[in-house]
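Below is the file query-v7.cif, which contains mmCIF, N, CA and C atoms.
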```
data_entry
#
loop_
_atom_site.label_atom_id
_atom_site.label_comp_id
_atom_site.auth_asym_id
_atom_site.auth_seq_id
_atom_site.Cartn_x
_atom_site.Cartn_y
_atom_site.Cartn_z
N GLN A 6 -95.24 -57.45 73.21
CA GLN A 6 -94.20 -56.49 73.56
C GLN A 6 -94.73 -55.54 74.64
N VAL A 7 -93.99 -55.42 75.71
CA VAL A 7 -94.42 -54.57 76.82
C VAL A 7 -94.28 -53.10 76.43
N GLN A 8 -95.31 -52.34 76.76
CA GLN A 8 -95.25 -50.89 76.56
C GLN A 8 -95.70 -50.20 77.84
N LEU A 9 -94.94 -49.19 78.23
CA LEU A 9 -95.32 -48.32 79.33
C LEU A 9 -95.44 -46.91 78.76
N VAL A 10 -96.59 -46.31 78.93
CA VAL A 10 -96.81 -44.99 78.37
C VAL A 10 -97.18 -44.03 79.49
N GLU A 11 -96.34 -43.02 79.67
CA GLU A 11 -96.59 -42.01 80.69
C GLU A 11 -97.39 -40.85 80.08
N SER A 12 -98.18 -40.21 80.92
CA SER A 12 -98.90 -39.02 80.52
C SER A 12 -99.18 -38.18 81.75
N GLY A 13 -99.60 -36.94 81.53
CA GLY A 13 -99.99 -36.09 82.64
C GLY A 13 -98.99 -35.02 83.02
N GLY A 14 -97.83 -35.04 82.39
CA GLY A 14 -96.85 -34.00 82.69
C GLY A 14 -97.28 -32.65 82.13
N GLY A 15 -96.53 -31.62 82.50
CA GLY A 15 -96.86 -30.30 82.01
C GLY A 15 -96.16 -29.23 82.81
N LEU A 16 -96.62 -28.01 82.61
CA LEU A 16 -96.08 -26.84 83.30
C LEU A 16 -97.05 -26.42 84.39
N VAL A 17 -96.54 -26.25 85.59
CA VAL A 17 -97.38 -25.87 86.72
C VAL A 17 -96.61 -24.88 87.59
N GLN A 18 -97.32 -24.04 88.28
CA GLN A 18 -96.68 -23.09 89.19
C GLN A 18 -96.33 -23.79 90.51
N ALA A 19 -95.35 -23.23 91.18
CA ALA A 19 -94.97 -23.76 92.49
C ALA A 19 -96.19 -23.80 93.41
N GLY A 20 -96.32 -24.89 94.13
CA GLY A 20 -97.47 -25.09 94.99
C GLY A 20 -98.61 -25.83 94.33
N GLY A 21 -98.51 -26.01 93.03
CA GLY A 21 -99.57 -26.69 92.29
C GLY A 21 -99.45 -28.20 92.32
N SER A 22 -100.34 -28.84 91.57
CA SER A 22 -100.41 -30.31 91.55
C SER A 22 -100.47 -30.83 90.13
N LEU A 23 -100.01 -32.04 89.97
CA LEU A 23 -100.15 -32.79 88.72
C LEU A 23 -100.39 -34.25 89.07
N ARG A 24 -101.09 -34.94 88.18
CA ARG A 24 -101.24 -36.39 88.33
C ARG A 24 -100.67 -37.07 87.09
N LEU A 25 -99.64 -37.84 87.29
CA LEU A 25 -99.04 -38.60 86.20
C LEU A 25 -99.69 -39.97 86.11
N SER A 26 -99.78 -40.47 84.90
CA SER A 26 -100.32 -41.80 84.66
C SER A 26 -99.30 -42.65 83.93
N CYS A 27 -99.30 -43.94 84.22
CA CYS A 27 -98.45 -44.90 83.53
C CYS A 27 -99.32 -46.07 83.13
N ALA A 28 -99.58 -46.20 81.85
CA ALA A 28 -100.43 -47.28 81.35
C ALA A 28 -99.55 -48.40 80.82
N ALA A 29 -99.78 -49.61 81.32
CA ALA A 29 -99.00 -50.77 80.91
C ALA A 29 -99.80 -51.65 79.96
N SER A 30 -99.12 -52.15 78.94
CA SER A 30 -99.77 -53.06 77.99
C SER A 30 -98.75 -54.05 77.47
N GLY A 31 -99.26 -55.12 76.84
CA GLY A 31 -98.38 -56.08 76.20
C GLY A 31 -98.18 -57.37 76.96
N ARG A 32 -98.71 -57.45 78.19
CA ARG A 32 -98.63 -58.68 78.96
C ARG A 32 -100.03 -58.98 79.50
N THR A 33 -100.35 -60.27 79.59
CA THR A 33 -101.67 -60.64 80.09
C THR A 33 -101.74 -60.56 81.61
N SER A 34 -100.60 -60.67 82.29
CA SER A 34 -100.61 -60.58 83.75
C SER A 34 -100.26 -59.17 84.19
N ARG A 35 -100.58 -58.86 85.44
CA ARG A 35 -100.28 -57.54 86.01
C ARG A 35 -98.78 -57.48 86.34
N PRO A 36 -98.22 -56.29 86.34
CA PRO A 36 -96.82 -56.17 86.78
C PRO A 36 -96.68 -56.55 88.26
N TYR A 37 -95.51 -57.01 88.63
CA TYR A 37 -95.24 -57.25 90.04
C TYR A 37 -95.12 -55.92 90.77
N ALA A 38 -94.43 -54.98 90.14
CA ALA A 38 -94.24 -53.67 90.75
C ALA A 38 -94.05 -52.62 89.66
N VAL A 39 -94.44 -51.42 89.98
CA VAL A 39 -94.23 -50.27 89.09
C VAL A 39 -93.60 -49.15 89.90
N GLY A 40 -92.61 -48.52 89.32
CA GLY A 40 -91.94 -47.43 89.99
C GLY A 40 -91.94 -46.17 89.14
N TRP A 41 -91.82 -45.05 89.83
CA TRP A 41 -91.63 -43.76 89.16
C TRP A 41 -90.23 -43.26 89.50
N PHE A 42 -89.54 -42.78 88.47
CA PHE A 42 -88.23 -42.20 88.62
C PHE A 42 -88.23 -40.86 87.89
N ARG A 43 -87.23 -40.04 88.18
CA ARG A 43 -87.14 -38.77 87.48
C ARG A 43 -85.68 -38.41 87.25
N GLN A 44 -85.47 -37.60 86.22
CA GLN A 44 -84.13 -37.14 85.90
C GLN A 44 -84.19 -35.68 85.49
N ALA A 45 -83.51 -34.86 86.27
CA ALA A 45 -83.41 -33.44 85.97
C ALA A 45 -82.17 -33.20 85.11
N PRO A 46 -82.14 -32.10 84.36
CA PRO A 46 -80.97 -31.82 83.51
C PRO A 46 -79.69 -31.78 84.33
N GLY A 47 -78.69 -32.51 83.86
CA GLY A 47 -77.40 -32.52 84.52
C GLY A 47 -77.34 -33.35 85.78
N LYS A 48 -78.41 -34.05 86.09
CA LYS A 48 -78.42 -34.86 87.32
C LYS A 48 -78.69 -36.33 86.98
N GLU A 49 -78.36 -37.18 87.92
CA GLU A 49 -78.62 -38.60 87.73
C GLU A 49 -80.11 -38.89 87.94
N ARG A 50 -80.53 -39.98 87.34
CA ARG A 50 -81.91 -40.43 87.57
C ARG A 50 -82.08 -40.80 89.04
N GLU A 51 -83.24 -40.44 89.60
CA GLU A 51 -83.49 -40.76 91.00
C GLU A 51 -84.87 -41.38 91.18
N PHE A 52 -84.94 -42.19 92.19
CA PHE A 52 -86.19 -42.87 92.53
C PHE A 52 -87.17 -41.88 93.15
N VAL A 53 -88.46 -42.06 92.84
CA VAL A 53 -89.50 -41.22 93.41
C VAL A 53 -90.45 -42.05 94.28
N ALA A 54 -91.05 -43.07 93.69
CA ALA A 54 -92.03 -43.88 94.42
C ALA A 54 -92.25 -45.19 93.67
N SER A 55 -92.71 -46.20 94.39
CA SER A 55 -93.04 -47.48 93.75
C SER A 55 -94.20 -48.13 94.47
N ILE A 56 -94.83 -49.06 93.76
CA ILE A 56 -95.98 -49.76 94.31
C ILE A 56 -95.94 -51.22 93.87
N ARG A 57 -96.26 -52.10 94.79
CA ARG A 57 -96.36 -53.51 94.47
C ARG A 57 -97.83 -53.80 94.16
N TRP A 58 -98.05 -54.42 93.00
CA TRP A 58 -99.42 -54.52 92.53
C TRP A 58 -100.30 -55.39 93.41
N SER A 59 -99.76 -56.47 93.94
CA SER A 59 -100.60 -57.45 94.63
C SER A 59 -101.25 -56.90 95.89
N ASP A 60 -100.51 -56.11 96.66
CA ASP A 60 -101.05 -55.63 97.94
C ASP A 60 -100.99 -54.12 98.08
N SER A 61 -100.61 -53.43 97.00
CA SER A 61 -100.51 -51.97 97.00
C SER A 61 -99.51 -51.44 98.03
N ALA A 62 -98.55 -52.27 98.43
CA ALA A 62 -97.48 -51.76 99.29
C ALA A 62 -96.71 -50.68 98.53
N THR A 63 -96.30 -49.66 99.23
CA THR A 63 -95.63 -48.54 98.57
C THR A 63 -94.29 -48.22 99.22
N ARG A 64 -93.49 -47.53 98.45
CA ARG A 64 -92.20 -47.02 98.92
C ARG A 64 -92.04 -45.63 98.34
N TYR A 65 -91.54 -44.69 99.13
CA TYR A 65 -91.34 -43.32 98.67
C TYR A 65 -89.93 -42.85 98.97
N ALA A 66 -89.41 -42.03 98.06
CA ALA A 66 -88.19 -41.31 98.35
C ALA A 66 -88.51 -40.23 99.38
N ASP A 67 -87.50 -39.81 100.12
CA ASP A 67 -87.72 -38.78 101.15
C ASP A 67 -88.33 -37.52 100.53
N ALA A 68 -87.90 -37.17 99.33
CA ALA A 68 -88.39 -35.94 98.69
C ALA A 68 -89.87 -36.03 98.33
N ALA A 69 -90.38 -37.25 98.25
CA ALA A 69 -91.78 -37.45 97.85
C ALA A 69 -92.72 -37.66 99.03
N LYS A 70 -92.18 -38.04 100.15
CA LYS A 70 -93.03 -38.36 101.30
C LYS A 70 -93.85 -37.15 101.74
N GLY A 71 -95.13 -37.37 101.93
CA GLY A 71 -96.02 -36.31 102.38
C GLY A 71 -96.56 -35.43 101.27
N ARG A 72 -95.96 -35.53 100.08
CA ARG A 72 -96.43 -34.70 98.97
C ARG A 72 -96.98 -35.54 97.82
N PHE A 73 -96.40 -36.70 97.57
CA PHE A 73 -96.78 -37.53 96.43
C PHE A 73 -97.49 -38.79 96.92
N THR A 74 -98.40 -39.28 96.08
CA THR A 74 -99.10 -40.53 96.38
C THR A 74 -99.12 -41.40 95.13
N ILE A 75 -98.66 -42.62 95.28
CA ILE A 75 -98.70 -43.57 94.16
C ILE A 75 -99.86 -44.52 94.38
N SER A 76 -100.55 -44.85 93.30
CA SER A 76 -101.70 -45.76 93.40
C SER A 76 -101.84 -46.51 92.09
N ARG A 77 -102.68 -47.53 92.10
CA ARG A 77 -102.87 -48.29 90.86
C ARG A 77 -104.35 -48.58 90.65
N ASP A 78 -104.70 -48.75 89.38
CA ASP A 78 -106.08 -49.04 88.98
C ASP A 78 -106.08 -50.36 88.22
N ASN A 79 -106.68 -51.37 88.82
CA ASN A 79 -106.70 -52.69 88.20
C ASN A 79 -107.39 -52.68 86.85
N ALA A 80 -108.53 -52.04 86.80
CA ALA A 80 -109.36 -52.08 85.59
C ALA A 80 -108.63 -51.45 84.41
N LYS A 81 -107.84 -50.43 84.69
CA LYS A 81 -107.16 -49.71 83.60
C LYS A 81 -105.71 -50.12 83.44
N ASN A 82 -105.24 -51.02 84.32
CA ASN A 82 -103.83 -51.43 84.28
C ASN A 82 -102.92 -50.21 84.26
N THR A 83 -103.23 -49.29 85.13
CA THR A 83 -102.55 -48.00 85.15
C THR A 83 -102.11 -47.67 86.56
N VAL A 84 -100.94 -47.06 86.65
CA VAL A 84 -100.42 -46.57 87.93
C VAL A 84 -100.38 -45.05 87.86
N TYR A 85 -100.76 -44.43 88.96
CA TYR A 85 -100.81 -42.98 89.03
C TYR A 85 -99.80 -42.46 90.04
N LEU A 86 -99.32 -41.26 89.79
CA LEU A 86 -98.50 -40.55 90.76
C LEU A 86 -99.13 -39.17 90.94
N GLN A 87 -99.81 -39.01 92.07
CA GLN A 87 -100.40 -37.71 92.40
C GLN A 87 -99.33 -36.88 93.09
N MET A 88 -99.03 -35.74 92.51
CA MET A 88 -97.96 -34.89 93.03
C MET A 88 -98.57 -33.56 93.47
N ASN A 89 -98.46 -33.27 94.76
CA ASN A 89 -98.96 -32.02 95.32
C ASN A 89 -97.81 -31.18 95.85
N SER A 90 -98.12 -29.93 96.11
CA SER A 90 -97.11 -29.00 96.67
C SER A 90 -95.82 -29.03 95.87
N LEU A 91 -95.95 -28.98 94.56
CA LEU A 91 -94.78 -29.04 93.69
C LEU A 91 -93.91 -27.81 93.85
N ASN A 92 -92.62 -28.01 93.71
CA ASN A 92 -91.67 -26.90 93.76
C ASN A 92 -90.70 -27.03 92.58
N PRO A 93 -89.95 -25.98 92.28
CA PRO A 93 -89.06 -26.01 91.10
C PRO A 93 -88.08 -27.17 91.11
N GLU A 94 -87.71 -27.68 92.29
CA GLU A 94 -86.79 -28.81 92.37
C GLU A 94 -87.42 -30.11 91.83
N ASP A 95 -88.73 -30.11 91.63
CA ASP A 95 -89.39 -31.29 91.07
C ASP A 95 -89.35 -31.29 89.54
N THR A 96 -88.81 -30.24 88.95
CA THR A 96 -88.71 -30.18 87.49
C THR A 96 -87.79 -31.28 86.99
N ALA A 97 -88.32 -32.13 86.11
CA ALA A 97 -87.55 -33.26 85.60
C ALA A 97 -88.41 -34.03 84.61
N VAL A 98 -87.75 -34.89 83.83
CA VAL A 98 -88.49 -35.89 83.06
C VAL A 98 -88.82 -37.03 84.01
N HIS A 99 -90.07 -37.38 84.08
CA HIS A 99 -90.52 -38.45 84.98
C HIS A 99 -90.79 -39.71 84.17
N TYR A 100 -90.21 -40.81 84.61
CA TYR A 100 -90.33 -42.09 83.92
C TYR A 100 -91.04 -43.11 84.82
N CYS A 101 -91.84 -43.96 84.20
CA CYS A 101 -92.32 -45.10 84.96
C CYS A 101 -91.59 -46.35 84.48
N ALA A 102 -91.48 -47.30 85.37
CA ALA A 102 -90.77 -48.53 85.08
C ALA A 102 -91.54 -49.69 85.72
N ALA A 103 -91.38 -50.88 85.18
CA ALA A 103 -92.13 -52.03 85.69
C ALA A 103 -91.29 -53.29 85.63
N ARG A 104 -91.64 -54.21 86.52
CA ARG A 104 -91.07 -55.55 86.47
C ARG A 104 -92.20 -56.53 86.71
N TRP A 105 -92.11 -57.70 86.05
CA TRP A 105 -93.17 -58.69 86.21
C TRP A 105 -92.76 -59.83 87.14
N SER A 106 -91.48 -60.01 87.35
CA SER A 106 -91.05 -61.08 88.25
C SER A 106 -90.96 -60.54 89.67
N ALA A 107 -91.12 -61.44 90.63
CA ALA A 107 -91.11 -61.05 92.03
C ALA A 107 -89.73 -60.55 92.46
N TRP A 108 -89.73 -59.67 93.44
CA TRP A 108 -88.50 -59.14 94.02
C TRP A 108 -88.58 -59.30 95.52
N PRO A 109 -87.57 -59.89 96.14
CA PRO A 109 -87.64 -60.12 97.60
C PRO A 109 -87.62 -58.83 98.39
N GLY A 110 -88.22 -58.87 99.55
CA GLY A 110 -88.21 -57.69 100.41
C GLY A 110 -89.61 -57.27 100.77
N GLN A 111 -89.71 -56.57 101.88
CA GLN A 111 -91.03 -56.14 102.34
C GLN A 111 -91.58 -55.00 101.51
N ALA A 112 -90.71 -54.14 101.01
CA ALA A 112 -91.16 -52.99 100.24
C ALA A 112 -90.94 -53.25 98.76
N PRO A 113 -91.69 -52.60 97.90
CA PRO A 113 -91.45 -52.76 96.46
C PRO A 113 -90.10 -52.18 96.07
N PRO A 114 -89.57 -52.60 94.93
CA PRO A 114 -88.22 -52.16 94.53
C PRO A 114 -88.12 -50.65 94.42
N GLY A 115 -86.93 -50.15 94.78
CA GLY A 115 -86.71 -48.71 94.76
C GLY A 115 -85.47 -48.28 94.00
N ALA A 116 -84.92 -49.17 93.20
CA ALA A 116 -83.73 -48.84 92.42
C ALA A 116 -83.97 -49.14 90.95
N GLY A 117 -83.34 -48.35 90.10
CA GLY A 117 -83.58 -48.50 88.67
C GLY A 117 -83.24 -49.87 88.12
N TYR A 118 -82.14 -50.46 88.60
CA TYR A 118 -81.71 -51.75 88.05
C TYR A 118 -82.69 -52.87 88.39
N GLN A 119 -83.60 -52.62 89.29
CA GLN A 119 -84.56 -53.62 89.69
C GLN A 119 -85.78 -53.67 88.77
N TYR A 120 -85.79 -52.83 87.78
CA TYR A 120 -86.90 -52.77 86.83
C TYR A 120 -86.44 -53.15 85.44
N ASP A 121 -87.32 -53.84 84.71
CA ASP A 121 -86.95 -54.38 83.40
C ASP A 121 -87.48 -53.56 82.23
N TYR A 122 -88.54 -52.83 82.44
CA TYR A 122 -89.18 -52.10 81.34
C TYR A 122 -89.37 -50.64 81.75
N TRP A 123 -89.17 -49.78 80.75
CA TRP A 123 -89.23 -48.34 81.01
C TRP A 123 -90.07 -47.65 79.95
N GLY A 124 -90.77 -46.60 80.40
CA GLY A 124 -91.46 -45.74 79.45
C GLY A 124 -90.52 -44.68 78.92
N ARG A 125 -91.05 -43.83 78.05
CA ARG A 125 -90.23 -42.79 77.43
C ARG A 125 -90.17 -41.52 78.24
N GLY A 126 -91.04 -41.39 79.23
CA GLY A 126 -90.99 -40.24 80.11
C GLY A 126 -91.97 -39.14 79.76
N THR A 127 -92.28 -38.34 80.77
CA THR A 127 -93.13 -37.17 80.59
C THR A 127 -92.50 -36.02 81.36
N GLN A 128 -92.47 -34.85 80.73
CA GLN A 128 -91.80 -33.69 81.31
C GLN A 128 -92.70 -33.02 82.35
N VAL A 129 -92.12 -32.76 83.51
CA VAL A 129 -92.79 -31.97 84.54
C VAL A 129 -91.93 -30.73 84.76
N THR A 130 -92.53 -29.56 84.61
CA THR A 130 -91.83 -28.30 84.81
C THR A 130 -92.61 -27.47 85.83
N VAL A 131 -91.92 -27.08 86.89
CA VAL A 131 -92.54 -26.28 87.94
C VAL A 131 -91.89 -24.92 87.95
N SER A 132 -92.68 -23.90 87.74
CA SER A 132 -92.15 -22.54 87.71
C SER A 132 -92.29 -21.90 89.08
N SER A 133 -91.34 -21.02 89.38
CA SER A 133 -91.34 -20.36 90.69
C SER A 133 -92.18 -19.09 90.68
#
```

As C-alpha cells, the full file:
Amino acid sequence: QVQLVESGGGLVQAGGSLRLSCAASGRTSRPYAVGWFRQAPGKEREFVASIRWSDSATRYADAAKGRFTISRDNAKNTVYLQMNSLNPEDTAVHYCAARWSAWPGQAPPGAGYQYDYWGRGTQVTVSS
C-alpha cells in the first residue's frame, strides 16, 4: 500500500524559511513524479511544484518561482520542498502527491488529477 507522509510544516514569520519533506513507501520502484500542492482556507487546491524522478526535471507555479526549490533524495525515497522568503499568502495545508506511471510531456505533471496518491498534508502558517 502506497503511503506518502509529509513533514516539516509549522509556524514561521514572514521572510522565513521552511523545508517540507515527503517520504514515499509501499512500492519497490521510485515514483515517476512527485508534486506539491497547497490549499488555503476557503480556496481551491493549487499546484506549487513538481519533480520527475528520473531526470529531476522540475515545474513550478509562478508563485513559487525564485523562492521555492523542489528536490529528491534517492537513498531516502524522499522529496523536499525548500521554501524561502515566505509570506502570509503561503499559509495553507501543503500536500504531496505521486504517480508511478509515466506522463507525456517535457515537464512533470502540474495538475492534481495527474496524480494517483496523496499524503494527508502538513500545515504551513506564515505570520506577518

Residue among A:Tyr37, A:Tyr122, A:Trp58, A:Phe73 lying closest to Val7 in chain A, counting only C-alpha atoms: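 Closest to Val7 in chain A, using only C-alpha atoms: A:Tyr122.
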
Sel. of strand (DSSP E or B) residues, range 30-115 of chain A, as a PyMOL selection string: chain A and resi 30+38-44+51-57+63-65+73-78+83-88+97-104

Residue nearest Pro36 in chain A - candidates A:Ala107, A:Val10, A:Val129, A:Ile75, atoms counted: all atoms listed in the file: A:Ala107

Residues near Ser22 in chain A, cut-off 7 Å, all atoms listed in the file, skip fewer than 3 positions along chain, as a ChimeraX atom specification: /A:17-19,87-91

Explicit residue set for the PyMOL selection byres ((chain A and resi 26) around 6.5), as a PyMOL selection string: chain A and resi 10-14+24-25+27-28+83-86

Take the residues from that selection and put them in a file with N, CA and C atoms, as a PDB file, keeping the file's coordinate frame.
```pdb
ATOM      1  N   VAL A  10     -96.590 -46.310  78.930  1.00  0.00           N
ATOM      2  CA  VAL A  10     -96.810 -44.990  78.370  1.00  0.00           C
ATOM      3  C   VAL A  10     -97.180 -44.030  79.490  1.00  0.00           C
ATOM      4  N   GLU A  11     -96.340 -43.020  79.670  1.00  0.00           N
ATOM      5  CA  GLU A  11     -96.590 -42.010  80.690  1.00  0.00           C
ATOM      6  C   GLU A  11     -97.390 -40.850  80.080  1.00  0.00           C
ATOM      7  N   SER A  12     -98.180 -40.210  80.920  1.00  0.00           N
ATOM      8  CA  SER A  12     -98.900 -39.020  80.520  1.00  0.00           C
ATOM      9  C   SER A  12     -99.180 -38.180  81.750  1.00  0.00           C
ATOM     10  N   GLY A  13     -99.600 -36.940  81.530  1.00  0.00           N
ATOM     11  CA  GLY A  13     -99.990 -36.090  82.640  1.00  0.00           C
ATOM     12  C   GLY A  13     -98.990 -35.020  83.020  1.00  0.00           C
ATOM     13  N   GLY A  14     -97.830 -35.040  82.390  1.00  0.00           N
ATOM     14  CA  GLY A  14     -96.850 -34.000  82.690  1.00  0.00           C
ATOM     15  C   GLY A  14     -97.280 -32.650  82.130  1.00  0.00           C
ATOM     16  N   ARG A  24    -101.090 -34.940  88.180  1.00  0.00           N
ATOM     17  CA  ARG A  24    -101.240 -36.390  88.330  1.00  0.00           C
ATOM     18  C   ARG A  24    -100.670 -37.070  87.090  1.00  0.00           C
ATOM     19  N   LEU A  25     -99.640 -37.840  87.290  1.00  0.00           N
ATOM     20  CA  LEU A  25     -99.040 -38.600  86.200  1.00  0.00           C
ATOM     21  C   LEU A  25     -99.690 -39.970  86.110  1.00  0.00           C
ATOM     22  N   CYS A  27     -99.300 -43.940  84.220  1.00  0.00           N
ATOM     23  CA  CYS A  27     -98.450 -44.900  83.530  1.00  0.00           C
ATOM     24  C   CYS A  27     -99.320 -46.070  83.130  1.00  0.00           C
ATOM     25  N   ALA A  28     -99.580 -46.200  81.850  1.00  0.00           N
ATOM     26  CA  ALA A  28    -100.430 -47.280  81.350  1.00  0.00           C
ATOM     27  C   ALA A  28     -99.550 -48.400  80.820  1.00  0.00           C
ATOM     28  N   THR A  83    -103.230 -49.290  85.130  1.00  0.00           N
ATOM     29  CA  THR A  83    -102.550 -48.000  85.150  1.00  0.00           C
ATOM     30  C   THR A  83    -102.110 -47.670  86.560  1.00  0.00           C
ATOM     31  N   VAL A  84    -100.940 -47.060  86.650  1.00  0.00           N
ATOM     32  CA  VAL A  84    -100.420 -46.570  87.930  1.00  0.00           C
ATOM     33  C   VAL A  84    -100.380 -45.050  87.860  1.00  0.00           C
ATOM     34  N   TYR A  85    -100.760 -44.430  88.960  1.00  0.00           N
ATOM     35  CA  TYR A  85    -100.810 -42.980  89.030  1.00  0.00           C
ATOM     36  C   TYR A  85     -99.800 -42.460  90.040  1.00  0.00           C
ATOM     37  N   LEU A  86     -99.320 -41.260  89.790  1.00  0.00           N
ATOM     38  CA  LEU A  86     -98.500 -40.550  90.760  1.00  0.00           C
ATOM     39  C   LEU A  86     -99.130 -39.170  90.940  1.00  0.00           C
TER      40      LEU A  86
END
```

Using all atoms listed in the file: which of A:Val131, A:Ala38, A:Ala112, A:Ala66 has the shortest distance to Glu51 in chain A: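 Answer, going by the shortest atom-to-atom distance: A:Ala66.
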
Atomic separation - CA of Gln6 in chain A relative to CA of Gln111 in chain A, Å: 29.0 Å

Can you list what the PyMOL selection byres (((chain A and resi 44 and name CA) around 12) and name CA) grabs from this structure, as a PDB file with N, CA and C atoms, in the frame of the given file?
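Produced file out.pdb, reproduced below:
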```pdb
ATOM      1  N   TRP A  41     -91.820 -45.050  89.830  1.00  0.00           N
ATOM      2  CA  TRP A  41     -91.630 -43.760  89.160  1.00  0.00           C
ATOM      3  C   TRP A  41     -90.230 -43.260  89.500  1.00  0.00           C
ATOM      4  N   PHE A  42     -89.540 -42.780  88.470  1.00  0.00           N
ATOM      5  CA  PHE A  42     -88.230 -42.200  88.620  1.00  0.00           C
ATOM      6  C   PHE A  42     -88.230 -40.860  87.890  1.00  0.00           C
ATOM      7  N   ARG A  43     -87.230 -40.040  88.180  1.00  0.00           N
ATOM      8  CA  ARG A  43     -87.140 -38.770  87.480  1.00  0.00           C
ATOM      9  C   ARG A  43     -85.680 -38.410  87.250  1.00  0.00           C
ATOM     10  N   ALA A  45     -83.510 -34.860  86.270  1.00  0.00           N
ATOM     11  CA  ALA A  45     -83.410 -33.440  85.970  1.00  0.00           C
ATOM     12  C   ALA A  45     -82.170 -33.200  85.110  1.00  0.00           C
ATOM     13  N   PRO A  46     -82.140 -32.100  84.360  1.00  0.00           N
ATOM     14  CA  PRO A  46     -80.970 -31.820  83.510  1.00  0.00           C
ATOM     15  C   PRO A  46     -79.690 -31.780  84.330  1.00  0.00           C
ATOM     16  N   GLY A  47     -78.690 -32.510  83.860  1.00  0.00           N
ATOM     17  CA  GLY A  47     -77.400 -32.520  84.520  1.00  0.00           C
ATOM     18  C   GLY A  47     -77.340 -33.350  85.780  1.00  0.00           C
ATOM     19  N   LYS A  48     -78.410 -34.050  86.090  1.00  0.00           N
ATOM     20  CA  LYS A  48     -78.420 -34.860  87.320  1.00  0.00           C
ATOM     21  C   LYS A  48     -78.690 -36.330  86.980  1.00  0.00           C
ATOM     22  N   GLU A  49     -78.360 -37.180  87.920  1.00  0.00           N
ATOM     23  CA  GLU A  49     -78.620 -38.600  87.730  1.00  0.00           C
ATOM     24  C   GLU A  49     -80.110 -38.890  87.940  1.00  0.00           C
ATOM     25  N   ARG A  50     -80.530 -39.980  87.340  1.00  0.00           N
ATOM     26  CA  ARG A  50     -81.910 -40.430  87.570  1.00  0.00           C
ATOM     27  C   ARG A  50     -82.080 -40.800  89.040  1.00  0.00           C
ATOM     28  N   GLU A  51     -83.240 -40.440  89.600  1.00  0.00           N
ATOM     29  CA  GLU A  51     -83.490 -40.760  91.000  1.00  0.00           C
ATOM     30  C   GLU A  51     -84.870 -41.380  91.180  1.00  0.00           C
ATOM     31  N   PHE A  52     -84.940 -42.190  92.190  1.00  0.00           N
ATOM     32  CA  PHE A  52     -86.190 -42.870  92.530  1.00  0.00           C
ATOM     33  C   PHE A  52     -87.170 -41.880  93.150  1.00  0.00           C
ATOM     34  N   VAL A  53     -88.460 -42.060  92.840  1.00  0.00           N
ATOM     35  CA  VAL A  53     -89.500 -41.220  93.410  1.00  0.00           C
ATOM     36  C   VAL A  53     -90.450 -42.050  94.280  1.00  0.00           C
ATOM     37  N   GLU A  94     -87.710 -27.680  92.290  1.00  0.00           N
ATOM     38  CA  GLU A  94     -86.790 -28.810  92.370  1.00  0.00           C
ATOM     39  C   GLU A  94     -87.420 -30.110  91.830  1.00  0.00           C
ATOM     40  N   ASP A  95     -88.730 -30.110  91.630  1.00  0.00           N
ATOM     41  CA  ASP A  95     -89.390 -31.290  91.070  1.00  0.00           C
ATOM     42  C   ASP A  95     -89.350 -31.290  89.540  1.00  0.00           C
ATOM     43  N   THR A  96     -88.810 -30.240  88.950  1.00  0.00           N
ATOM     44  CA  THR A  96     -88.710 -30.180  87.490  1.00  0.00           C
ATOM     45  C   THR A  96     -87.790 -31.280  86.990  1.00  0.00           C
ATOM     46  N   ALA A  97     -88.320 -32.130  86.110  1.00  0.00           N
ATOM     47  CA  ALA A  97     -87.550 -33.260  85.600  1.00  0.00           C
ATOM     48  C   ALA A  97     -88.410 -34.030  84.610  1.00  0.00           C
ATOM     49  N   VAL A  98     -87.750 -34.890  83.830  1.00  0.00           N
ATOM     50  CA  VAL A  98     -88.490 -35.890  83.060  1.00  0.00           C
ATOM     51  C   VAL A  98     -88.820 -37.030  84.010  1.00  0.00           C
ATOM     52  N   HIS A  99     -90.070 -37.380  84.080  1.00  0.00           N
ATOM     53  CA  HIS A  99     -90.520 -38.450  84.980  1.00  0.00           C
ATOM     54  C   HIS A  99     -90.790 -39.710  84.170  1.00  0.00           C
ATOM     55  N   TYR A 100     -90.210 -40.810  84.610  1.00  0.00           N
ATOM     56  CA  TYR A 100     -90.330 -42.090  83.920  1.00  0.00           C
ATOM     57  C   TYR A 100     -91.040 -43.110  84.820  1.00  0.00           C
ATOM     58  N   CYS A 101     -91.840 -43.960  84.200  1.00  0.00           N
ATOM     59  CA  CYS A 101     -92.320 -45.100  84.960  1.00  0.00           C
ATOM     60  C   CYS A 101     -91.590 -46.350  84.480  1.00  0.00           C
ATOM     61  N   GLY A 117     -83.340 -48.350  90.100  1.00  0.00           N
ATOM     62  CA  GLY A 117     -83.580 -48.500  88.670  1.00  0.00           C
ATOM     63  C   GLY A 117     -83.240 -49.870  88.120  1.00  0.00           C
ATOM     64  N   ARG A 125     -91.050 -43.830  78.050  1.00  0.00           N
ATOM     65  CA  ARG A 125     -90.230 -42.790  77.430  1.00  0.00           C
ATOM     66  C   ARG A 125     -90.170 -41.520  78.240  1.00  0.00           C
ATOM     67  N   GLY A 126     -91.040 -41.390  79.230  1.00  0.00           N
ATOM     68  CA  GLY A 126     -90.990 -40.240  80.110  1.00  0.00           C
ATOM     69  C   GLY A 126     -91.970 -39.140  79.760  1.00  0.00           C
ATOM     70  N   THR A 127     -92.280 -38.340  80.770  1.00  0.00           N
ATOM     71  CA  THR A 127     -93.130 -37.170  80.590  1.00  0.00           C
ATOM     72  C   THR A 127     -92.500 -36.020  81.360  1.00  0.00           C
ATOM     73  N   GLN A 128     -92.470 -34.850  80.730  1.00  0.00           N
ATOM     74  CA  GLN A 128     -91.800 -33.690  81.310  1.00  0.00           C
ATOM     75  C   GLN A 128     -92.700 -33.020  82.350  1.00  0.00           C
ATOM     76  N   VAL A 129     -92.120 -32.760  83.510  1.00  0.00           N
ATOM     77  CA  VAL A 129     -92.790 -31.970  84.540  1.00  0.00           C
ATOM     78  C   VAL A 129     -91.930 -30.730  84.760  1.00  0.00           C
ATOM     79  N   THR A 130     -92.530 -29.560  84.610  1.00  0.00           N
ATOM     80  CA  THR A 130     -91.830 -28.300  84.810  1.00  0.00           C
ATOM     81  C   THR A 130     -92.610 -27.470  85.830  1.00  0.00           C
TER      82      THR A 130
END
```
